[in-house]
Amino acid sequence: MNKYSLASNQKGLTLIEILISMLVLAIGLLGIAAMQLRGLQYNHDAHVRGQIAVLTAGMADRMRNATDAGAYVSDFTLQSTEPSGCVVASTVAAQELACWHRNVWNSLPPRSKAIISQTGSEFTISLQPYDRTQDTLGPLITYSFTL
């Protein structure tokens with residue numbers, strides 16, 4: 001029998017097998033990286049929604065305790081510069097609104113919107129966070145209550 005016969009046992013891997021296995025591994029690693037990125041985005045969205053829930057509930061409690069809840073009606077777009085904050089104002093509502101605007105500025109990205117509106121005895125606090133990845137405002141999240 002010839003020692004160079006075609007039926008000899010192969011030892012090791014061929015270059016094509018190694019390249020195919022590297023391709024499969026690379027596709028798997030790209031999939032893992034994409035899932036990690038999505039997880040971080042969803043985590044950030046959940047954090048922003050949690051901040052919005054805290055901000056709206058806090059302002060709603062302030063408005064429920066106020067004698068004139070209509071004084072809290074405002075429309076506020078976050079600028080890139082920090083608002084003056086909790087300054088002494090002519091009314092309690094103006095001072096609490098200034099403090100709330102600063103809290104919103106500290107919690108949400110610049111160019112987000114904060115709107116407090118009134119329709120009859122129903123008040124609506126709406127926060128719309130700015131989405132930097134899409135370069136647009138995100139979904140409008142509202143909290144409505146009646147006094």
# chains A, B, ... in the order shown; residues from 1 in each chain; ligands from 1
>>> residues_around(residues="segment 139-144 of chain A", least_positions_apart="4", cutoff="7 Å", atoms="only C-alpha atoms", output="PyMOL selection string")
chain A and resi 56+122-128
>>> residues_around(residues="Thr77 of chain A", least_positions_apart="5", cutoff="8 Å", atoms="only C-alpha atoms", output="ChimeraX atom specification")
/A:111-114
>>> select_by_dssp(residues="chain A", states="strand (DSSP E or B)", output="JSON, numbers by chain")
{"A": [74, 75, 76, 77, 113, 114, 115, 116, 117, 118, 119, 122, 123, 124, 125, 126, 127, 128, 130, 131, 136, 137, 141, 142, 143, 144, 145, 146]}
>>> atom_distance(atom1="atom CA of Val87 of chain A", atom2="atom CA of Ala69 of chain A")
19.5 Å
>>> closest_residue(among="A:Cys86, A:Ala60, A:Ile32, A:Leu55", to="Leu147 of chain A", atoms="only C-alpha atoms")
A:Ala60
>>> closest_residue(among="A:Ile27, A:Ala93, A:Ser84, A:Leu19", to="Met63 of chain A", atoms="only C-alpha atoms")
A:Ala93
>>> closest_residue(among="A:Leu78, A:Leu23, A:Ile115, A:Val88", to="Arg102 of chain A", atoms="only C-alpha atoms")
A:Leu78
>>> closest_residue(among="A:Gly138, A:Gly50, A:Gly70, A:Pro83", to="Ile116 of chain A", atoms="only C-alpha atoms")
A:Gly70
>>> atom_distance(atom1="atom CA of Pro109 of chain A", atom2="atom CA of Leu137 of chain A")
10.2 Å
>>> residues_around(residues="Gly58 of chain A", least_positions_apart="5", cutoff="12 Å", atoms="only C-alpha atoms", output="NGL selection string")
:A and (51-53 or 63-65 or 96-97 or 99-101 or 103-104 or 125 or 143)
>>> write_last_selection(atoms="C-alpha atoms", output="short mmCIF file (atom, residue, chain, number, x, y, z; two decimals), in the first residue's frame")
data_model
loop_
_atom_site.label_atom_id
_atom_site.label_comp_id
_atom_site.auth_asym_id
_atom_site.auth_seq_id
_atom_site.Cartn_x
_atom_site.Cartn_y
_atom_site.Cartn_z
CA GLN A 51 -37.33 60.42 36.69
CA ILE A 52 -40.44 61.69 34.91
CA ALA A 53 -42.68 59.74 37.29
CA MET A 63 -50.35 71.67 43.30
CA ARG A 64 -52.81 69.69 45.46
CA ASN A 65 -51.55 71.52 48.56
CA GLU A 96 -41.95 76.12 43.73
CA LEU A 97 -42.22 76.26 39.94
CA CYS A 99 -37.41 74.85 41.96
CA TRP A 100 -39.28 72.27 39.89
CA HIS A 101 -37.84 73.66 36.65
CA ASN A 103 -35.13 69.69 39.15
CA VAL A 104 -36.39 68.95 35.63
CA ILE A 125 -48.36 67.62 33.70
CA TYR A 143 -49.94 62.72 34.19
#
>>> atom_distance(atom1="atom CA of Gly120 of chain A", atom2="atom CA of Ser74 of chain A")
15.4 Å
>>> closest_residue(among="A:Thr146, A:Ser107, A:Ser21, A:Gln36", to="Tyr130 of chain A", atoms="only C-alpha atoms")
A:Ser107
>>> closest_residue(among="A:Gly39, A:Gln134, A:Asp68, A:Ala89", to="Ser121 of chain A", atoms="only C-alpha atoms")
A:Asp68
